[in-house]
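**Student:** Structure in structure tokens, see below.
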Amino acid sequence: MTTVVRFSSLGDVVLAGSLCPALAPVTFVTLERYAPLVRHFHGVEAVLTPSQGLAALRRALPPGPVVDLHGSLRSRMLPADRRVQSHRLARWARVAWKHSSPVPTVLQRYAEAAGVQPSRAPWCELPADRGGALGIAAGGSAATKVWPHFAQLAAAWSGPLISLGLPGEEVAGTEPCTERGFDATLAALARCRLFVGGDTGLTHLAHACGLPTLMLMGPTHADDGFWSGPQLGLELSCRPCSRHGGPVCPLGDHACLRDLTVEAVLRSLNELS
């Protein structure tokens, strides 16, 4: 039994799941809020959480290799045979100096640590029913990662729409599926045939479930290593201005997403479909 450690956040947990089919059978260690989702990853047979403390978690680890894909001070308190390398300085350098030196993607770093190749999507199981809606993740962990034209996209789309996310992130003109747990989220994704969202965990999850998924990228950039699927963004000299987004645009105009048009997004979605 191989143990995989990735406590958070949603996008990173989902990406870590891509290694589980090759490592199976897997015990996955994550925060309690992600445990219901991780049970849907192919190859995962058991899930452990640190809710009872790290000492209890260490005692509960099954025999076998431990792969730490978090690499934090907390995860380093657990025994591990292999740990992920951060390449933090190289990733920050891309943001600071806007150069194009290659940075290993998250999946490449995870694969190197685990010694296996990531699985191609899907690696997260959806309910059997499949619908024809466009799924939308309009929210984001940072204000600068939010595309401001989702309502206009919904108005221009000719089919059913479902918006996923937290309360307050619903898009006008869509059927909302606000946070009610991962079973409800996966049931909503099963009703979609396409998905579009910003650089956020729900977009990663849609891709992991096998949906044709378009990520709209503004202050962050696919070359920074968090995304390797279809993406749309404007090539501006100020990008990337952040690895994870921020509360305000440093230049004050948010042009990276403000100027990304509904027409361009519709064209890309039609190409995906």
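Going through the structure tokens in order, the chains are called A, B, and so on, while each chain numbers its residues from 1 and the ligands are numbered from 1 in the order shown.
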Give me the residues within 7 Å of segment 144-159 of chain A as a PyMOL selection string, counting only C-alpha atoms and dropping any in the same chain fewer than 4 places off.

**Tutor:** chain A and resi 133+138-140+171-174+198-199+218-219+245-249+257-258+262

**Student:** Restricted to C-alpha atoms, what would the selected residues look like written as a PDB file, in the first residue's frame?

**Tutor:**
```pdb
ATOM      1  CA  ALA A 133     -24.935  21.695 -19.835  1.00  0.00           C
ATOM      2  CA  ALA A 138     -17.040  32.019 -11.881  1.00  0.00           C
ATOM      3  CA  GLY A 139     -15.380  32.457  -8.492  1.00  0.00           C
ATOM      4  CA  GLY A 140     -11.768  32.333  -7.468  1.00  0.00           C
ATOM      5  CA  VAL A 171     -23.952  33.525 -12.378  1.00  0.00           C
ATOM      6  CA  ALA A 172     -27.194  35.187 -13.494  1.00  0.00           C
ATOM      7  CA  GLY A 173     -29.073  33.038 -15.991  1.00  0.00           C
ATOM      8  CA  THR A 174     -27.609  29.744 -14.776  1.00  0.00           C
ATOM      9  CA  GLY A 198     -10.813  30.647 -13.953  1.00  0.00           C
ATOM     10  CA  ASP A 199      -7.618  29.421 -12.344  1.00  0.00           C
ATOM     11  CA  GLY A 218      -5.269  36.397 -16.136  1.00  0.00           C
ATOM     12  CA  PRO A 219      -2.661  37.273 -13.488  1.00  0.00           C
ATOM     13  CA  GLY A 245      -3.514  35.919  -7.860  1.00  0.00           C
ATOM     14  CA  GLY A 246      -4.072  38.862  -5.546  1.00  0.00           C
ATOM     15  CA  PRO A 247      -6.756  41.223  -4.220  1.00  0.00           C
ATOM     16  CA  VAL A 248      -6.107  44.007  -6.758  1.00  0.00           C
ATOM     17  CA  CYS A 249      -4.415  44.441 -10.123  1.00  0.00           C
ATOM     18  CA  LEU A 257      -9.214  39.489 -17.902  1.00  0.00           C
ATOM     19  CA  ARG A 258     -11.233  42.644 -18.558  1.00  0.00           C
ATOM     20  CA  VAL A 262     -16.980  36.849 -24.556  1.00  0.00           C
TER      21      VAL A 262
END
```

**Student:** Which distance in Å separates atom CA of Met1 of chain A and atom CA of Gly64 of chain A, to one decimal?

**Tutor:** 5.3 Å

**Student:** Please return, as JSON, numbers by chain, all residues of segment 126-260 of chain A that DSSP assigns to strand (DSSP E or B) on the basis of the backbone.

**Tutor:** {"A": [133, 134, 135, 136, 137, 161, 162, 163, 164, 165, 175, 176, 177, 178, 192, 193, 194, 195, 196, 197, 198, 213, 214, 215, 216, 231, 232]}

**Student:** Quick one: which segment 67-126 of chain A residues come within 8 Å of segment 203-216 of chain A, and what is the nearest atom pair for each with the distance in Å to one decimal, counting only C-alpha atoms, rows ordered by chain and ascending number, as a tab-separated table?

**Tutor:**
```
residue	atom	partner	partner_atom	distance
A:Ala121	CA	A:Gly210	CA	5.1
A:Pro122	CA	A:Gly210	CA	4.3
A:Trp123	CA	A:Ala208	CA	5.7
A:Cys124	CA	A:Cys209	CA	5.0
A:Glu125	CA	A:Cys209	CA	6.3
A:Leu126	CA	A:Cys209	CA	6.4
```

**Student:** Leaving out segment 54-62 of chain A and any residue of its chain fewer than 4 positions from it, which residues lie within 10 Å of it when counting only C-alpha atoms, given as a count of residues only?

**Tutor:** 17

**Student:** Using only C-alpha atoms, pick whichever of A:Asp253, A:Asp224, A:Asp81, A:Glu112 has the shortest atom-to-atom distance to Leu19 of chain A.

**Tutor:**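 Nearest to Leu19 of chain A: A:Glu112.
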
**Student:** With only C-alpha atoms as the basis for distance, which of A:Leu134, A:Phe195, A:Ser228, A:Lys98 is at the shortest distance from Pro240 of chain A?

**Tutor:**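 Once distances to Pro240 of chain A are computed over only C-alpha atoms, the minimum belongs to A:Lys98.
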
**Student:** From a DSSP calculation on the backbone, collect every residue of segment 121-217 of chain A in alpha helix (DSSP H) and output the set as a PDB file with all heavy atoms, in the first residue's frame.

**Tutor:**
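What ended up in selection_14.pdb:
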```
ATOM      1  N   PHE A 150     -18.737  36.689 -17.012  1.00  0.00           N
ATOM      2  CA  PHE A 150     -19.457  35.415 -17.024  1.00  0.00           C
ATOM      3  C   PHE A 150     -20.956  35.605 -17.258  1.00  0.00           C
ATOM      4  O   PHE A 150     -21.602  34.767 -17.911  1.00  0.00           O
ATOM      5  CB  PHE A 150     -19.229  34.654 -15.717  1.00  0.00           C
ATOM      6  CG  PHE A 150     -17.959  33.848 -15.706  1.00  0.00           C
ATOM      7  CD1 PHE A 150     -16.908  34.202 -14.899  1.00  0.00           C
ATOM      8  CD2 PHE A 150     -17.829  32.719 -16.512  1.00  0.00           C
ATOM      9  CE1 PHE A 150     -15.733  33.458 -14.882  1.00  0.00           C
ATOM     10  CE2 PHE A 150     -16.665  31.976 -16.511  1.00  0.00           C
ATOM     11  CZ  PHE A 150     -15.610  32.344 -15.692  1.00  0.00           C
ATOM     12  N   ALA A 151     -21.549  36.671 -16.743  1.00  0.00           N
ATOM     13  CA  ALA A 151     -22.987  36.892 -16.961  1.00  0.00           C
ATOM     14  C   ALA A 151     -23.279  37.107 -18.444  1.00  0.00           C
ATOM     15  O   ALA A 151     -24.276  36.600 -18.975  1.00  0.00           O
ATOM     16  CB  ALA A 151     -23.465  38.089 -16.144  1.00  0.00           C
ATOM     17  N   GLN A 152     -22.394  37.827 -19.138  1.00  0.00           N
ATOM     18  CA  GLN A 152     -22.577  38.034 -20.578  1.00  0.00           C
ATOM     19  C   GLN A 152     -22.395  36.726 -21.340  1.00  0.00           C
ATOM     20  O   GLN A 152     -23.080  36.466 -22.329  1.00  0.00           O
ATOM     21  CB  GLN A 152     -21.591  39.092 -21.086  1.00  0.00           C
ATOM     22  CG  GLN A 152     -21.859  40.493 -20.563  1.00  0.00           C
ATOM     23  CD  GLN A 152     -21.050  40.801 -19.312  1.00  0.00           C
ATOM     24  OE1 GLN A 152     -20.923  39.964 -18.424  1.00  0.00           O
ATOM     25  NE2 GLN A 152     -20.518  42.006 -19.251  1.00  0.00           N
ATOM     26  N   LEU A 153     -21.456  35.892 -20.891  1.00  0.00           N
ATOM     27  CA  LEU A 153     -21.283  34.573 -21.514  1.00  0.00           C
ATOM     28  C   LEU A 153     -22.548  33.738 -21.348  1.00  0.00           C
ATOM     29  O   LEU A 153     -23.011  33.097 -22.305  1.00  0.00           O
ATOM     30  CB  LEU A 153     -20.098  33.846 -20.890  1.00  0.00           C
ATOM     31  CG  LEU A 153     -19.874  32.415 -21.375  1.00  0.00           C
ATOM     32  CD1 LEU A 153     -19.449  32.374 -22.839  1.00  0.00           C
ATOM     33  CD2 LEU A 153     -18.826  31.707 -20.499  1.00  0.00           C
ATOM     34  N   ALA A 154     -23.123  33.761 -20.156  1.00  0.00           N
ATOM     35  CA  ALA A 154     -24.343  32.999 -19.915  1.00  0.00           C
ATOM     36  C   ALA A 154     -25.477  33.482 -20.814  1.00  0.00           C
ATOM     37  O   ALA A 154     -26.256  32.679 -21.343  1.00  0.00           O
ATOM     38  CB  ALA A 154     -24.741  33.107 -18.439  1.00  0.00           C
ATOM     39  N   ALA A 155     -25.568  34.789 -21.009  1.00  0.00           N
ATOM     40  CA  ALA A 155     -26.619  35.333 -21.861  1.00  0.00           C
ATOM     41  C   ALA A 155     -26.431  34.936 -23.319  1.00  0.00           C
ATOM     42  O   ALA A 155     -27.405  34.783 -24.066  1.00  0.00           O
ATOM     43  CB  ALA A 155     -26.653  36.858 -21.727  1.00  0.00           C
ATOM     44  N   ALA A 156     -25.181  34.755 -23.727  1.00  0.00           N
ATOM     45  CA  ALA A 156     -24.901  34.422 -25.128  1.00  0.00           C
ATOM     46  C   ALA A 156     -24.932  32.930 -25.405  1.00  0.00           C
ATOM     47  O   ALA A 156     -24.985  32.524 -26.572  1.00  0.00           O
ATOM     48  CB  ALA A 156     -23.522  34.982 -25.522  1.00  0.00           C
ATOM     49  N   PHE A 182     -19.043  17.661  -1.808  1.00  0.00           N
ATOM     50  CA  PHE A 182     -18.476  17.198  -3.072  1.00  0.00           C
ATOM     51  C   PHE A 182     -19.377  16.214  -3.812  1.00  0.00           C
ATOM     52  O   PHE A 182     -19.305  16.114  -5.038  1.00  0.00           O
ATOM     53  CB  PHE A 182     -17.098  16.590  -2.840  1.00  0.00           C
ATOM     54  CG  PHE A 182     -16.030  17.627  -2.645  1.00  0.00           C
ATOM     55  CD1 PHE A 182     -15.421  17.805  -1.410  1.00  0.00           C
ATOM     56  CD2 PHE A 182     -15.646  18.456  -3.696  1.00  0.00           C
ATOM     57  CE1 PHE A 182     -14.445  18.763  -1.232  1.00  0.00           C
ATOM     58  CE2 PHE A 182     -14.672  19.419  -3.530  1.00  0.00           C
ATOM     59  CZ  PHE A 182     -14.072  19.577  -2.293  1.00  0.00           C
ATOM     60  N   ASP A 183     -20.230  15.494  -3.120  1.00  0.00           N
ATOM     61  CA  ASP A 183     -21.151  14.612  -3.840  1.00  0.00           C
ATOM     62  C   ASP A 183     -22.081  15.435  -4.729  1.00  0.00           C
ATOM     63  O   ASP A 183     -22.351  15.069  -5.880  1.00  0.00           O
ATOM     64  CB  ASP A 183     -21.964  13.757  -2.862  1.00  0.00           C
ATOM     65  CG  ASP A 183     -21.136  12.633  -2.251  1.00  0.00           C
ATOM     66  OD1 ASP A 183     -20.063  12.306  -2.817  1.00  0.00           O
ATOM     67  OD2 ASP A 183     -21.552  12.085  -1.212  1.00  0.00           O
ATOM     68  N   ALA A 184     -22.569  16.566  -4.207  1.00  0.00           N
ATOM     69  CA  ALA A 184     -23.431  17.441  -5.012  1.00  0.00           C
ATOM     70  C   ALA A 184     -22.644  18.066  -6.155  1.00  0.00           C
ATOM     71  O   ALA A 184     -23.162  18.226  -7.273  1.00  0.00           O
ATOM     72  CB  ALA A 184     -24.042  18.528  -4.130  1.00  0.00           C
ATOM     73  N   THR A 185     -21.393  18.429  -5.899  1.00  0.00           N
ATOM     74  CA  THR A 185     -20.558  19.008  -6.954  1.00  0.00           C
ATOM     75  C   THR A 185     -20.340  18.013  -8.078  1.00  0.00           C
ATOM     76  O   THR A 185     -20.468  18.343  -9.262  1.00  0.00           O
ATOM     77  CB  THR A 185     -19.210  19.459  -6.376  1.00  0.00           C
ATOM     78  OG1 THR A 185     -19.432  20.488  -5.402  1.00  0.00           O
ATOM     79  CG2 THR A 185     -18.300  20.000  -7.472  1.00  0.00           C
ATOM     80  N   LEU A 186     -20.007  16.771  -7.734  1.00  0.00           N
ATOM     81  CA  LEU A 186     -19.778  15.758  -8.762  1.00  0.00           C
ATOM     82  C   LEU A 186     -21.065  15.435  -9.511  1.00  0.00           C
ATOM     83  O   LEU A 186     -21.043  15.196 -10.726  1.00  0.00           O
ATOM     84  CB  LEU A 186     -19.193  14.494  -8.127  1.00  0.00           C
ATOM     85  CG  LEU A 186     -17.781  14.650  -7.555  1.00  0.00           C
ATOM     86  CD1 LEU A 186     -17.367  13.364  -6.832  1.00  0.00           C
ATOM     87  CD2 LEU A 186     -16.771  14.985  -8.640  1.00  0.00           C
ATOM     88  N   ALA A 187     -22.195  15.437  -8.822  1.00  0.00           N
ATOM     89  CA  ALA A 187     -23.473  15.201  -9.504  1.00  0.00           C
ATOM     90  C   ALA A 187     -23.757  16.321 -10.501  1.00  0.00           C
ATOM     91  O   ALA A 187     -24.277  16.069 -11.602  1.00  0.00           O
ATOM     92  CB  ALA A 187     -24.604  15.100  -8.481  1.00  0.00           C
ATOM     93  N   ALA A 188     -23.409  17.563 -10.139  1.00  0.00           N
ATOM     94  CA  ALA A 188     -23.599  18.679 -11.070  1.00  0.00           C
ATOM     95  C   ALA A 188     -22.652  18.558 -12.258  1.00  0.00           C
ATOM     96  O   ALA A 188     -23.045  18.797 -13.412  1.00  0.00           O
ATOM     97  CB  ALA A 188     -23.386  20.003 -10.349  1.00  0.00           C
ATOM     98  N   LEU A 189     -21.407  18.184 -12.020  1.00  0.00           N
ATOM     99  CA  LEU A 189     -20.452  18.014 -13.119  1.00  0.00           C
ATOM    100  C   LEU A 189     -20.898  16.906 -14.071  1.00  0.00           C
ATOM    101  O   LEU A 189     -20.654  16.982 -15.283  1.00  0.00           O
ATOM    102  CB  LEU A 189     -19.061  17.693 -12.564  1.00  0.00           C
ATOM    103  CG  LEU A 189     -18.329  18.857 -11.892  1.00  0.00           C
ATOM    104  CD1 LEU A 189     -17.033  18.364 -11.247  1.00  0.00           C
ATOM    105  CD2 LEU A 189     -18.031  19.969 -12.887  1.00  0.00           C
ATOM    106  N   GLY A 201      -9.744  25.676  -8.203  1.00  0.00           N
ATOM    107  CA  GLY A 201      -9.788  24.238  -7.977  1.00  0.00           C
ATOM    108  C   GLY A 201     -10.918  23.536  -8.695  1.00  0.00           C
ATOM    109  O   GLY A 201     -10.773  22.392  -9.144  1.00  0.00           O
ATOM    110  N   LEU A 202     -12.082  24.180  -8.818  1.00  0.00           N
ATOM    111  CA  LEU A 202     -13.215  23.552  -9.499  1.00  0.00           C
ATOM    112  C   LEU A 202     -12.914  23.311 -10.974  1.00  0.00           C
ATOM    113  O   LEU A 202     -13.372  22.322 -11.559  1.00  0.00           O
ATOM    114  CB  LEU A 202     -14.469  24.406  -9.349  1.00  0.00           C
ATOM    115  CG  LEU A 202     -15.163  24.343  -7.990  1.00  0.00           C
ATOM    116  CD1 LEU A 202     -16.264  25.392  -7.908  1.00  0.00           C
ATOM    117  CD2 LEU A 202     -15.719  22.953  -7.725  1.00  0.00           C
ATOM    118  N   THR A 203     -12.131  24.187 -11.586  1.00  0.00           N
ATOM    119  CA  THR A 203     -11.749  23.988 -12.981  1.00  0.00           C
ATOM    120  C   THR A 203     -10.834  22.779 -13.104  1.00  0.00           C
ATOM    121  O   THR A 203     -10.974  21.955 -14.023  1.00  0.00           O
ATOM    122  CB  THR A 203     -11.075  25.246 -13.542  1.00  0.00           C
ATOM    123  OG1 THR A 203     -11.891  26.392 -13.243  1.00  0.00           O
ATOM    124  CG2 THR A 203     -10.893  25.161 -15.046  1.00  0.00           C
ATOM    125  N   HIS A 204      -9.895  22.635 -12.179  1.00  0.00           N
ATOM    126  CA  HIS A 204      -9.045  21.442 -12.150  1.00  0.00           C
ATOM    127  C   HIS A 204      -9.887  20.181 -11.958  1.00  0.00           C
ATOM    128  O   HIS A 204      -9.630  19.151 -12.587  1.00  0.00           O
ATOM    129  CB  HIS A 204      -8.025  21.551 -11.018  1.00  0.00           C
ATOM    130  CG  HIS A 204      -6.902  22.500 -11.298  1.00  0.00           C
ATOM    131  ND1 HIS A 204      -5.894  22.217 -12.187  1.00  0.00           N
ATOM    132  CD2 HIS A 204      -6.623  23.730 -10.786  1.00  0.00           C
ATOM    133  CE1 HIS A 204      -5.035  23.232 -12.218  1.00  0.00           C
ATOM    134  NE2 HIS A 204      -5.469  24.162 -11.393  1.00  0.00           N
ATOM    135  N   LEU A 205     -10.892  20.270 -11.094  1.00  0.00           N
ATOM    136  CA  LEU A 205     -11.733  19.105 -10.830  1.00  0.00           C
ATOM    137  C   LEU A 205     -12.523  18.702 -12.066  1.00  0.00           C
ATOM    138  O   LEU A 205     -12.641  17.508 -12.373  1.00  0.00           O
ATOM    139  CB  LEU A 205     -12.670  19.402  -9.658  1.00  0.00           C
ATOM    140  CG  LEU A 205     -13.628  18.278  -9.265  1.00  0.00           C
ATOM    141  CD1 LEU A 205     -12.877  16.998  -8.928  1.00  0.00           C
ATOM    142  CD2 LEU A 205     -14.501  18.711  -8.081  1.00  0.00           C
ATOM    143  N   ALA A 206     -13.068  19.672 -12.781  1.00  0.00           N
ATOM    144  CA  ALA A 206     -13.807  19.350 -14.005  1.00  0.00           C
ATOM    145  C   ALA A 206     -12.914  18.615 -14.997  1.00  0.00           C
ATOM    146  O   ALA A 206     -13.325  17.635 -15.624  1.00  0.00           O
ATOM    147  CB  ALA A 206     -14.360  20.635 -14.627  1.00  0.00           C
ATOM    148  N   HIS A 207     -11.677  19.083 -15.149  1.00  0.00           N
ATOM    149  CA  HIS A 207     -10.731  18.412 -16.053  1.00  0.00           C
ATOM    150  C   HIS A 207     -10.436  16.996 -15.563  1.00  0.00           C
ATOM    151  O   HIS A 207     -10.393  16.059 -16.369  1.00  0.00           O
ATOM    152  CB  HIS A 207      -9.447  19.230 -16.128  1.00  0.00           C
ATOM    153  CG  HIS A 207      -8.353  18.553 -16.886  1.00  0.00           C
ATOM    154  ND1 HIS A 207      -8.381  18.372 -18.246  1.00  0.00           N
ATOM    155  CD2 HIS A 207      -7.181  17.997 -16.461  1.00  0.00           C
ATOM    156  CE1 HIS A 207      -7.287  17.732 -18.639  1.00  0.00           C
ATOM    157  NE2 HIS A 207      -6.548  17.494 -17.571  1.00  0.00           N
ATOM    158  N   ALA A 208     -10.236  16.831 -14.249  1.00  0.00           N
ATOM    159  CA  ALA A 208      -9.940  15.512 -13.696  1.00  0.00           C
ATOM    160  C   ALA A 208     -11.074  14.526 -13.923  1.00  0.00           C
ATOM    161  O   ALA A 208     -10.848  13.311 -14.005  1.00  0.00           O
ATOM    162  CB  ALA A 208      -9.651  15.624 -12.201  1.00  0.00           C
TER     163      ALA A 208
END
```

**Student:** Give me, as number ranges by chain, all polymer residues having an atom no more than 9 Å from Gly131 of chain A, counting only C-alpha atoms and skipping those fewer than 6 positions away in the same chain.

**Tutor:** A: 189-193

**Student:** Suppose you want the space between atom CA of Gly135 of chain A and atom CA of Ser268 of chain A; what is it in Å?

**Tutor:** 14.5 Å

**Student:** Might you pull out every residue within 7 Å of Asp68 of chain A, with only C-alpha atoms counted and same-chain residues fewer than 6 positions away left off, and present them as a PyMOL selection string?

**Tutor:** chain A and resi 4-6+75+80+82-84
